[in-house]
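A quick write-up on the structure given underneath.
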Amino acid sequence: MKHYLQFNDFSADEYAYLFERAALIKGKFKAYEKHRSLVDRTLAMIFEKASTRTRVSFEAGMYQLGGSVVHLTTGDSQLGRAEPIEDSARVISRMTDLVMIRTFEQTKIERFASCSRVPVINGLTNEFHPCQILADIFTFIEHRGSIAGKTVAWVGDGNNMANTWLQAAQLLGFKVHVSTPSGYEVDEKLAMGGNGISPSSYQFFSNPLDACRGADLVTTDVWTSMGYEAENEARKTAFADWCVNADMMAVAQADALFMHCLPAHRGEEVTAEVIDGPQSVVWDEAENRMHVQKALMEYLLLGRQDA
């Protein structure tokens with residue numbers, strides 16, 4: 001049994017399989033062909049953080065695979081009434097086949113997984129967002145081919161997305177240019193689990209324009225993630241120069257893509273000209289959450305499939 005709690009949980013070979021499998025599953029979806037590999041399987045979705053894309057992509061995806069879904073929040077379960085998370089894990093994993101959790105601290109999902117009898121998927125934590133980067137890389141492959149040897153520019157907060165990009169770069173052989181305001185840098189030790197980061201996969205730039213120079217992909221996120229709302233005004237001031245705009249895209253490669261995990265605030269972390277422009281693939285990126293997660297759920301429950 002495997003869990004998917006951070007990007008480093010899988011090998012490069014496993015990702016090669018997942019991207020190939022996601023392409024097959026998406027192709028069937030677009031051709032209105034059924035792909036019902038998880039008939040009679042049940043996914044439990046646990047939300048401590050609100051969601052649009054995570055809920056829709058997992059729920060619709062599981063139904064399309066022939067399975068069913070149980071949706072839980074802290075307000076309608078014992079998770080919000082001080083039951084130890086380990087006890088919840090022991091109960092929920094006896095009644096379902098797979099669990100997806102979207103929560104705050106990474107330690108919560110790790111504690112749950114340690115007592116679960118079924119695979120657990122990280123739908124988002126404060127520290128990591130592996131399903132989103134899985135979708136982002138699949139989207140890049142669809143539009144530009146292999147990401148190996150390419151450069152990704154991360155502009156903005158050194159958050160869960162930035163942490164996961166660093167893991168992916170080291171594992172899959174590409175480079176990340178990171179630019180964050182002072183005080184909002186990536187925690188390298190957290191991102192890499194205490195392991196060193198190869199200089200070939202990561203470089204920091206104090207100027208976001210320099211980070212975008214020559215990049216094959218420019219990507220960002222909101223300045224204030226869920227759980228940090230009290231810092232919103234301070235962050236608006238600190239991040240004022242970290243808005244992805246036409247000038248930043250102009251110094252990237254001519255065919256560079258723009259991505260954003262959404263929801264977006266036009267005029268803050270990105271201009272409308274960029275996110276709604278021809279280089280933006282944010283809607284493909286959002287849809288692809290569903291396709292890669294279908295491949296992920298299938299792999300966790302059935303292993304590698306040939307058909």
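Within each chain, counting starts at residue 1; across the structure tokens, chains are named A, B, ... in the order shown, with ligands numbered 1 upward in that order.
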
Contacts of Phe205 of chain A at 7 Å (only C-alpha atoms; same-chain gap of 6+ positions) as a PDB file with C-alpha atoms, in the first residue's frame:
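Produced file around.pdb, reproduced below:
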ATOM      1  CA  HIS A 177      13.790  29.929 -10.674  1.00  0.00           C
ATOM      2  CA  VAL A 178      12.248  31.212  -7.453  1.00  0.00           C
ATOM      3  CA  SER A 179      11.592  34.879  -6.640  1.00  0.00           C
ATOM      4  CA  ALA A 211      13.583  34.843 -12.427  1.00  0.00           C
TER       5      ALA A 211
END

*Report as a list in words: the residues of segment 110-144 of chain A with a DSSP assignment of strand (DSSP E), based on the backbone of this structure.*
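Reading the DSSP output for segment 110-144 of chain A, strand (DSSP E) covers Val120, Ile121, Asn122, Gly123 and Leu124 of chain A.
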
Write the residues of the selection above to a file with N, CA and C atoms, as a compact mmCIF listing (two decimals), in the first residue's frame.
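Saved result, selection.txt, follows:
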# COMPACT_ATOMS: atom_id res chain seq x y z
N VAL A 120 -3.91 7.10 1.34
CA VAL A 120 -4.30 8.46 1.68
C VAL A 120 -3.64 9.43 0.70
N ILE A 121 -4.42 10.38 0.20
CA ILE A 121 -3.95 11.37 -0.77
C ILE A 121 -3.98 12.75 -0.14
N ASN A 122 -2.93 13.51 -0.35
CA ASN A 122 -2.87 14.90 0.09
C ASN A 122 -3.57 15.78 -0.95
N GLY A 123 -4.75 16.31 -0.56
CA GLY A 123 -5.48 17.23 -1.43
C GLY A 123 -5.01 18.66 -1.27
N LEU A 124 -4.22 18.94 -0.28
CA LEU A 124 -3.55 20.21 0.00
C LEU A 124 -3.28 20.29 1.49

Closest contacts (segment 129-166 of chain A/segment 6-18 of chain A, max 9 Å, only C-alpha atoms) as CSV:
residue,atom,partner,partner_atom,distance
A:His129,CA,A:Gln6,CA,7.1
A:Pro130,CA,A:Phe7,CA,5.0
A:Cys131,CA,A:Phe7,CA,8.1
A:Ile133,CA,A:Phe7,CA,8.1
A:Leu134,CA,A:Phe7,CA,8.1
A:Thr164,CA,A:Phe7,CA,6.3
A:Trp165,CA,A:Phe7,CA,8.7

*If you count only C-alpha atoms, which residues fall within 9 Å of Ala89 of chain A, apart from same-chain ones fewer than 3 positions away, as a list of chain:residue names?*
A:Pro84, A:Ile85, A:Glu86, A:Ile92, A:Ser93, A:Arg94, A:Arg111, A:Phe112, A:Ala113, A:Ser114, A:Cys115, A:Ser116, A:Arg117

Just C-alpha atoms for this one: save the residues we selected as a PDB file, in the first residue's frame.
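part.pdb was written with the following content:
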ATOM      1  CA  PRO A  84      -8.202  11.954  17.822  1.00  0.00           C
ATOM      2  CA  ILE A  85      -7.316  11.951  14.131  1.00  0.00           C
ATOM      3  CA  GLU A  86      -5.793   8.504  14.576  1.00  0.00           C
ATOM      4  CA  ILE A  92     -12.921   5.712   8.049  1.00  0.00           C
ATOM      5  CA  SER A  93     -10.320   3.401   6.488  1.00  0.00           C
ATOM      6  CA  ARG A  94     -12.347   0.342   7.504  1.00  0.00           C
ATOM      7  CA  ARG A 111      -0.867  11.071  11.500  1.00  0.00           C
ATOM      8  CA  PHE A 112      -4.001   9.985   9.640  1.00  0.00           C
ATOM      9  CA  ALA A 113      -2.009   7.955   7.121  1.00  0.00           C
ATOM     10  CA  SER A 114      -0.029   6.234   9.892  1.00  0.00           C
ATOM     11  CA  CYS A 115      -3.266   4.623  11.160  1.00  0.00           C
ATOM     12  CA  SER A 116      -5.063   4.144   7.830  1.00  0.00           C
ATOM     13  CA  ARG A 117      -5.652   0.744   6.271  1.00  0.00           C
TER      14      ARG A 117
END

*Got a sec: who's within 10 Å of Arg36 of chain A, counting only C-alpha atoms, leaving out chain neighbours fewer than 6 positions off, as a ChimeraX atom specification?*
/A:62-67,298

_Under the rule that only C-alpha atoms are counted, which of A:Gly227, A:Pro181, A:Gly61, A:Pro263 is the nearest residue to Asp157 of chain A?_
A:Pro181

*Which polymer residues have any atom within 9 Å of an atom of Asp216 of chain A, counting only C-alpha atoms, with same-chain residues fewer than 3 positions away left out, as a PyMOL selection string?*
chain A and resi 147+150-153+212+252-258

Restrict the selected residues to C-alpha atoms and save them as a tab-separated table (two decimals), in the first residue's frame.
chain	number	residue	atom	x	y	z
A	147	ILE	CA	9.63	19.10	-18.83
A	150	LYS	CA	13.26	23.09	-18.87
A	151	THR	CA	13.04	26.11	-16.56
A	152	VAL	CA	10.03	26.99	-14.40
A	153	ALA	CA	9.82	30.49	-12.90
A	212	CYS	CA	11.37	34.87	-15.53
A	252	ALA	CA	10.64	34.41	-20.80
A	253	GLN	CA	10.91	32.12	-23.82
A	254	ALA	CA	8.77	33.23	-26.75
A	255	ASP	CA	6.59	30.13	-26.34
A	256	ALA	CA	6.53	30.21	-22.53
A	257	LEU	CA	3.34	29.14	-20.81
A	258	PHE	CA	1.64	30.81	-17.86

_Top pick for closest residue to Gly196 of chain A, considering A:Ser88, A:Ser182, A:Gln170, A:Thr125 and counting only C-alpha atoms_ =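 Ranked by minimum distance to Gly196 of chain A, first place goes to A:Gln170.
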
*How would you write, as a ChimeraX atom specification, the set of residues in segment 81-112 of chain A that DSSP gives as helix (DSSP H, G or I)?*
/A:85-95,106-112

*asked:* When you look at Ala148 of chain A with a cut-off of 9 Å (counting only C-alpha atoms), what residues show up, excluding the ones that are within fewer than 5 positions of it in the same chain? I need them as an MDAnalysis selection string.
replied: chainID A and resid 169 172:175

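From atom CA of Gly303 of chain A back to atom CA of Cys261 of chain A, the distance works out to 27.7 Å.
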
Quick one: which segment 108-185 of chain A residues come within 10 Å of segment 243-247 of chain A, and what is the nearest atom pair for each with the distance in Å to one decimal, counting only C-alpha atoms, rows ordered by chain and ascending number, as CSV?
residue,atom,partner,partner_atom,distance
A:Trp154,CA,A:Val244,CA,9.9
A:Val155,CA,A:Val244,CA,7.2
A:Gly156,CA,A:Cys243,CA,7.8

*Extract, using only C-alpha atoms, all DNA, RNA and protein residues at most 10 Å from Ala50 of chain A, discarding same-chain residues fewer than 6 positions from it, and format them as number ranges by chain.*
A: 73, 102-103, 226

Mind dumping the selected residues with N, CA and C atoms as a compact mmCIF listing (two decimals), in the first residue's frame?
# COMPACT_ATOMS: atom_id res chain seq x y z
N THR A 73 -16.73 17.06 6.30
CA THR A 73 -16.07 18.28 6.76
C THR A 73 -15.97 18.21 8.28
N ARG A 102 -7.85 17.39 2.69
CA ARG A 102 -7.42 18.77 2.43
C ARG A 102 -7.46 19.48 3.77
N THR A 103 -6.27 19.78 4.30
CA THR A 103 -6.20 20.25 5.68
C THR A 103 -5.11 21.30 5.84
N MET A 226 -4.96 30.27 2.21
CA MET A 226 -5.90 30.00 3.30
C MET A 226 -5.15 29.74 4.60
